[in-house]
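Below is the file work.pdb, which contains PDB, C-alpha atoms, pLDDT in the B column.
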ATOM      1  CA  MET A   1     -10.365  52.558 -72.999  1.00 45.00           C
ATOM      2  CA  LEU A   2      -6.996  50.875 -72.892  1.00 51.00           C
ATOM      3  CA  TYR A   3      -5.899  48.707 -75.777  1.00 53.00           C
ATOM      4  CA  ASN A   4      -4.899  45.105 -75.154  1.00 74.00           C
ATOM      5  CA  MET A   5      -1.203  45.919 -75.636  1.00 74.00           C
ATOM      6  CA  ASP A   6      -1.449  48.709 -73.059  1.00 85.00           C
ATOM      7  CA  MET A   7      -2.996  46.287 -70.571  1.00 85.00           C
ATOM      8  CA  LYS A   8      -0.268  43.728 -71.249  1.00 88.00           C
ATOM      9  CA  ARG A   9       2.446  46.320 -70.661  1.00 92.00           C
ATOM     10  CA  ILE A  10       0.817  47.627 -67.480  1.00 94.00           C
ATOM     11  CA  LEU A  11       0.312  44.076 -66.207  1.00 95.00           C
ATOM     12  CA  ALA A  12       3.930  43.236 -66.976  1.00 95.00           C
ATOM     13  CA  ASP A  13       5.233  46.355 -65.229  1.00 95.00           C
ATOM     14  CA  ARG A  14       3.041  45.972 -62.154  1.00 97.00           C
ATOM     15  CA  LEU A  15       3.741  42.268 -61.811  1.00 96.00           C
ATOM     16  CA  ARG A  16       7.495  42.885 -62.050  1.00 96.00           C
ATOM     17  CA  GLU A  17       7.259  45.682 -59.477  1.00 97.00           C
ATOM     18  CA  LEU A  18       5.288  43.527 -57.025  1.00 97.00           C
ATOM     19  CA  ARG A  19       7.621  40.560 -57.482  1.00 96.00           C
ATOM     20  CA  ILE A  20      10.728  42.672 -56.906  1.00 97.00           C
ATOM     21  CA  GLU A  21       9.170  44.431 -53.883  1.00 97.00           C
ATOM     22  CA  GLN A  22       8.702  40.989 -52.336  1.00 97.00           C
ATOM     23  CA  GLY A  23      12.283  40.035 -53.185  1.00 97.00           C
ATOM     24  CA  LEU A  24      11.182  37.081 -55.305  1.00 97.00           C
ATOM     25  CA  SER A  25      12.784  35.538 -58.358  1.00 95.00           C
ATOM     26  CA  TYR A  26      10.697  34.133 -61.214  1.00 89.00           C
ATOM     27  CA  MET A  27      11.370  30.637 -59.897  1.00 94.00           C
ATOM     28  CA  ALA A  28      10.372  31.448 -56.321  1.00 97.00           C
ATOM     29  CA  LEU A  29       7.141  33.174 -57.365  1.00 97.00           C
ATOM     30  CA  SER A  30       6.247  30.412 -59.789  1.00 96.00           C
ATOM     31  CA  LYS A  31       6.562  27.816 -57.027  1.00 96.00           C
ATOM     32  CA  LEU A  32       4.558  29.903 -54.556  1.00 97.00           C
ATOM     33  CA  VAL A  33       1.607  30.550 -56.876  1.00 97.00           C
ATOM     34  CA  GLY A  34       1.698  27.430 -59.039  1.00 96.00           C
ATOM     35  CA  ILE A  35       2.361  29.089 -62.395  1.00 95.00           C
ATOM     36  CA  SER A  36       5.162  27.703 -64.531  1.00 95.00           C
ATOM     37  CA  HIS A  37       8.389  29.685 -64.573  1.00 93.00           C
ATOM     38  CA  THR A  38       8.190  29.982 -68.355  1.00 95.00           C
ATOM     39  CA  GLN A  39       4.612  31.263 -68.361  1.00 95.00           C
ATOM     40  CA  LEU A  40       5.316  33.751 -65.573  1.00 95.00           C
ATOM     41  CA  CYS A  41       8.350  35.061 -67.451  1.00 94.00           C
ATOM     42  CA  ARG A  42       6.324  35.450 -70.678  1.00 94.00           C
ATOM     43  CA  ILE A  43       3.541  37.323 -68.844  1.00 93.00           C
ATOM     44  CA  GLU A  44       6.003  39.623 -67.111  1.00 93.00           C
ATOM     45  CA  ASN A  45       7.729  40.379 -70.403  1.00 92.00           C
ATOM     46  CA  GLY A  46       4.440  41.150 -72.171  1.00 87.00           C
ATOM     47  CA  LYS A  47       4.841  38.220 -74.561  1.00 90.00           C
ATOM     48  CA  SER A  48       1.848  36.211 -73.392  1.00 88.00           C
ATOM     49  CA  ASP A  49      -1.722  36.843 -72.362  1.00 88.00           C
ATOM     50  CA  ILE A  50      -2.671  35.889 -68.834  1.00 91.00           C
ATOM     51  CA  SER A  51      -5.430  33.399 -68.127  1.00 93.00           C
ATOM     52  CA  SER A  52      -8.159  34.350 -65.679  1.00 92.00           C
ATOM     53  CA  ASP A  53      -6.987  31.534 -63.373  1.00 95.00           C
ATOM     54  CA  ASN A  54      -3.426  32.849 -63.291  1.00 95.00           C
ATOM     55  CA  LEU A  55      -4.637  36.421 -62.849  1.00 95.00           C
ATOM     56  CA  LEU A  56      -6.634  35.346 -59.789  1.00 96.00           C
ATOM     57  CA  LEU A  57      -3.671  33.426 -58.351  1.00 97.00           C
ATOM     58  CA  LEU A  58      -1.440  36.492 -58.639  1.00 97.00           C
ATOM     59  CA  CYS A  59      -4.091  38.856 -57.261  1.00 97.00           C
ATOM     60  CA  LYS A  60      -4.585  36.645 -54.219  1.00 98.00           C
ATOM     61  CA  PHE A  61      -0.866  36.224 -53.654  1.00 98.00           C
ATOM     62  CA  PHE A  62      -0.081  39.951 -53.859  1.00 98.00           C
ATOM     63  CA  HIS A  63      -3.374  41.079 -52.245  1.00 98.00           C
ATOM     64  CA  VAL A  64      -4.293  43.357 -55.141  1.00 98.00           C
ATOM     65  CA  SER A  65      -7.297  43.563 -57.454  1.00 97.00           C
ATOM     66  CA  ALA A  66      -7.356  42.356 -61.024  1.00 95.00           C
ATOM     67  CA  ASP A  67      -8.286  45.919 -62.008  1.00 93.00           C
ATOM     68  CA  TYR A  68      -5.028  47.112 -60.471  1.00 95.00           C
ATOM     69  CA  LEU A  69      -2.878  44.494 -62.201  1.00 94.00           C
ATOM     70  CA  ILE A  70      -4.312  45.214 -65.659  1.00 91.00           C
ATOM     71  CA  GLY A  71      -4.297  48.983 -65.204  1.00 89.00           C
ATOM     72  CA  LEU A  72      -7.980  49.801 -64.759  1.00 87.00           C
ATOM     73  CA  SER A  73      -7.337  51.269 -61.300  1.00 90.00           C
ATOM     74  CA  ASP A  74      -4.400  52.653 -59.348  1.00 86.00           C
TER      75      ASP A  74
END
Would you encode the structure as structure tokens?
Amino acid sequence: MLYNMDMKRILADRLRELRIEQGLSYMALSKLVGISHTQLCRIENGKSDISSDNLLLLCKFFHVSADYLIGLSD
């Protein structure tokens, strides 16, 4: 089982990768999904936990599962 810090790091890395693949800045992504720029930055840097609401918003936007974003699947 992954520890919470491992999940945070995986989430941060995968979110950054998806954002960059789409050519989006923090500001652009935050406007598109409705998450504050500050919160998005903190999540992507592993400094903040993600709420279930924000996790769902990002999963829907990037068309990936929550399991993928937090590292439970590839």
Per residue of region 5-42 of chain A within 8 Å of region 52-63 of chain A, record the nearest atom pair and its distance in Å to one decimal, counting all atoms listed in the file, with rows in chain order and ascending residue number, as CSV.
residue,atom,partner,partner_atom,distance
A:Leu18,CA,A:Phe62,CA,7.2
A:Val33,CA,A:Leu57,CA,6.2
A:Ile35,CA,A:Asn54,CA,7.0
Exactly which residues make up the result of the PyMOL selection byres ((chain A and resi 39-48) around 7) on this file, given as an mmCIF file with C-alpha atoms, in the frame of the given file?
data_model
loop_
_atom_site.group_PDB
_atom_site.id
_atom_site.type_symbol
_atom_site.label_atom_id
_atom_site.label_comp_id
_atom_site.auth_asym_id
_atom_site.auth_seq_id
_atom_site.Cartn_x
_atom_site.Cartn_y
_atom_site.Cartn_z
ATOM 1 C CA LYS A 8 -0.268 43.728 -71.249
ATOM 2 C CA ARG A 9 2.446 46.320 -70.661
ATOM 3 C CA ALA A 12 3.930 43.236 -66.976
ATOM 4 C CA LEU A 15 3.741 42.268 -61.811
ATOM 5 C CA ARG A 16 7.495 42.885 -62.050
ATOM 6 C CA TYR A 26 10.697 34.133 -61.214
ATOM 7 C CA SER A 30 6.247 30.412 -59.789
ATOM 8 C CA ILE A 35 2.361 29.089 -62.395
ATOM 9 C CA SER A 36 5.162 27.703 -64.531
ATOM 10 C CA HIS A 37 8.389 29.685 -64.573
ATOM 11 C CA THR A 38 8.190 29.982 -68.355
ATOM 12 C CA ASP A 49 -1.722 36.843 -72.362
ATOM 13 C CA ILE A 50 -2.671 35.889 -68.834
#
### Message
Between CA of Asp13 (chain A) and CA of Met27 (chain A), what distance in Å does the model show, to one decimal?
### Response
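Computing the Euclidean distance for CA of Asp13 (chain A) and CA of Met27 (chain A) yields 17.7 Å.
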### Query
What gap, in Å, lies between CA of Asp74 (chain A) and CA of Ala28 (chain A)?
26.0 Å
### Interatomic distance (Å, one decimal) between CA of Ser73 (chain A) and CA of Leu32 (chain A)
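For CA of Ser73 (chain A) relative to CA of Leu32 (chain A), the distance reads 25.4 Å.
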#### Entry: Contacts of region 70-72 of chain A within 8 Å, only C-alpha atoms, excl. fewer than 3 positions in-chain, as a VMD selection string
chain A and resid 7 to 8 10 to 11 66 to 67
Rebuild region 27-53 of chain A so that it carries N, CA and C atoms, then output the result as a CSV table (one decimal), in the coordinates of the input.
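Now in selection.csv:
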chain,number,residue,atom,x,y,z
A,27,MET,N,11.5,32.0,-60.4
A,27,MET,CA,11.4,30.6,-59.9
A,27,MET,C,10.6,30.6,-58.6
A,28,ALA,N,11.0,31.5,-57.6
A,28,ALA,CA,10.4,31.4,-56.3
A,28,ALA,C,8.9,31.8,-56.4
A,29,LEU,N,8.5,32.8,-57.2
A,29,LEU,CA,7.1,33.2,-57.4
A,29,LEU,C,6.4,32.1,-58.1
A,30,SER,N,7.0,31.5,-59.1
A,30,SER,CA,6.2,30.4,-59.8
A,30,SER,C,5.9,29.2,-58.9
A,31,LYS,N,6.8,28.9,-58.0
A,31,LYS,CA,6.6,27.8,-57.0
A,31,LYS,C,5.5,28.2,-56.0
A,32,LEU,N,5.5,29.5,-55.6
A,32,LEU,CA,4.6,29.9,-54.6
A,32,LEU,C,3.1,30.0,-55.1
A,33,VAL,N,3.0,30.4,-56.3
A,33,VAL,CA,1.6,30.6,-56.9
A,33,VAL,C,1.2,29.4,-57.8
A,34,GLY,N,2.1,28.6,-58.2
A,34,GLY,CA,1.7,27.4,-59.0
A,34,GLY,C,1.6,27.7,-60.5
A,35,ILE,N,2.3,28.7,-61.0
A,35,ILE,CA,2.4,29.1,-62.4
A,35,ILE,C,3.8,28.7,-62.9
A,36,SER,N,3.8,28.1,-64.0
A,36,SER,CA,5.2,27.7,-64.5
A,36,SER,C,6.1,28.9,-64.7
A,37,HIS,N,7.4,28.6,-64.5
A,37,HIS,CA,8.4,29.7,-64.6
A,37,HIS,C,8.3,30.3,-66.0
A,38,THR,N,8.2,29.5,-67.0
A,38,THR,CA,8.2,30.0,-68.4
A,38,THR,C,7.0,30.9,-68.6
A,39,GLN,N,5.8,30.5,-68.2
A,39,GLN,CA,4.6,31.3,-68.4
A,39,GLN,C,4.7,32.6,-67.6
A,40,LEU,N,5.2,32.5,-66.4
A,40,LEU,CA,5.3,33.8,-65.6
A,40,LEU,C,6.3,34.7,-66.2
A,41,CYS,N,7.4,34.2,-66.8
A,41,CYS,CA,8.4,35.1,-67.5
A,41,CYS,C,7.7,35.7,-68.7
A,42,ARG,N,7.0,34.9,-69.5
A,42,ARG,CA,6.3,35.4,-70.7
A,42,ARG,C,5.3,36.5,-70.3
A,43,ILE,N,4.5,36.3,-69.3
A,43,ILE,CA,3.5,37.3,-68.8
A,43,ILE,C,4.3,38.6,-68.4
A,44,GLU,N,5.3,38.5,-67.6
A,44,GLU,CA,6.0,39.6,-67.1
A,44,GLU,C,6.8,40.4,-68.2
A,45,ASN,N,7.1,39.7,-69.3
A,45,ASN,CA,7.7,40.4,-70.4
A,45,ASN,C,6.8,40.8,-71.5
A,46,GLY,N,5.5,40.7,-71.2
A,46,GLY,CA,4.4,41.2,-72.2
A,46,GLY,C,4.3,40.3,-73.4
A,47,LYS,N,4.8,39.1,-73.4
A,47,LYS,CA,4.8,38.2,-74.6
A,47,LYS,C,3.7,37.2,-74.6
A,48,SER,N,2.9,37.2,-73.5
A,48,SER,CA,1.8,36.2,-73.4
A,48,SER,C,0.7,36.8,-72.7
A,49,ASP,N,-0.5,36.4,-73.1
A,49,ASP,CA,-1.7,36.8,-72.4
A,49,ASP,C,-1.8,36.1,-71.1
A,50,ILE,N,-2.5,36.6,-70.1
A,50,ILE,CA,-2.7,35.9,-68.8
A,50,ILE,C,-4.1,35.3,-68.8
A,51,SER,N,-4.1,34.0,-68.3
A,51,SER,CA,-5.4,33.4,-68.1
A,51,SER,C,-6.1,34.0,-66.9
A,52,SER,N,-7.4,33.8,-66.8
A,52,SER,CA,-8.2,34.4,-65.7
A,52,SER,C,-7.7,33.6,-64.4
A,53,ASP,N,-7.4,32.3,-64.5
A,53,ASP,CA,-7.0,31.5,-63.4
A,53,ASP,C,-5.7,32.1,-62.8
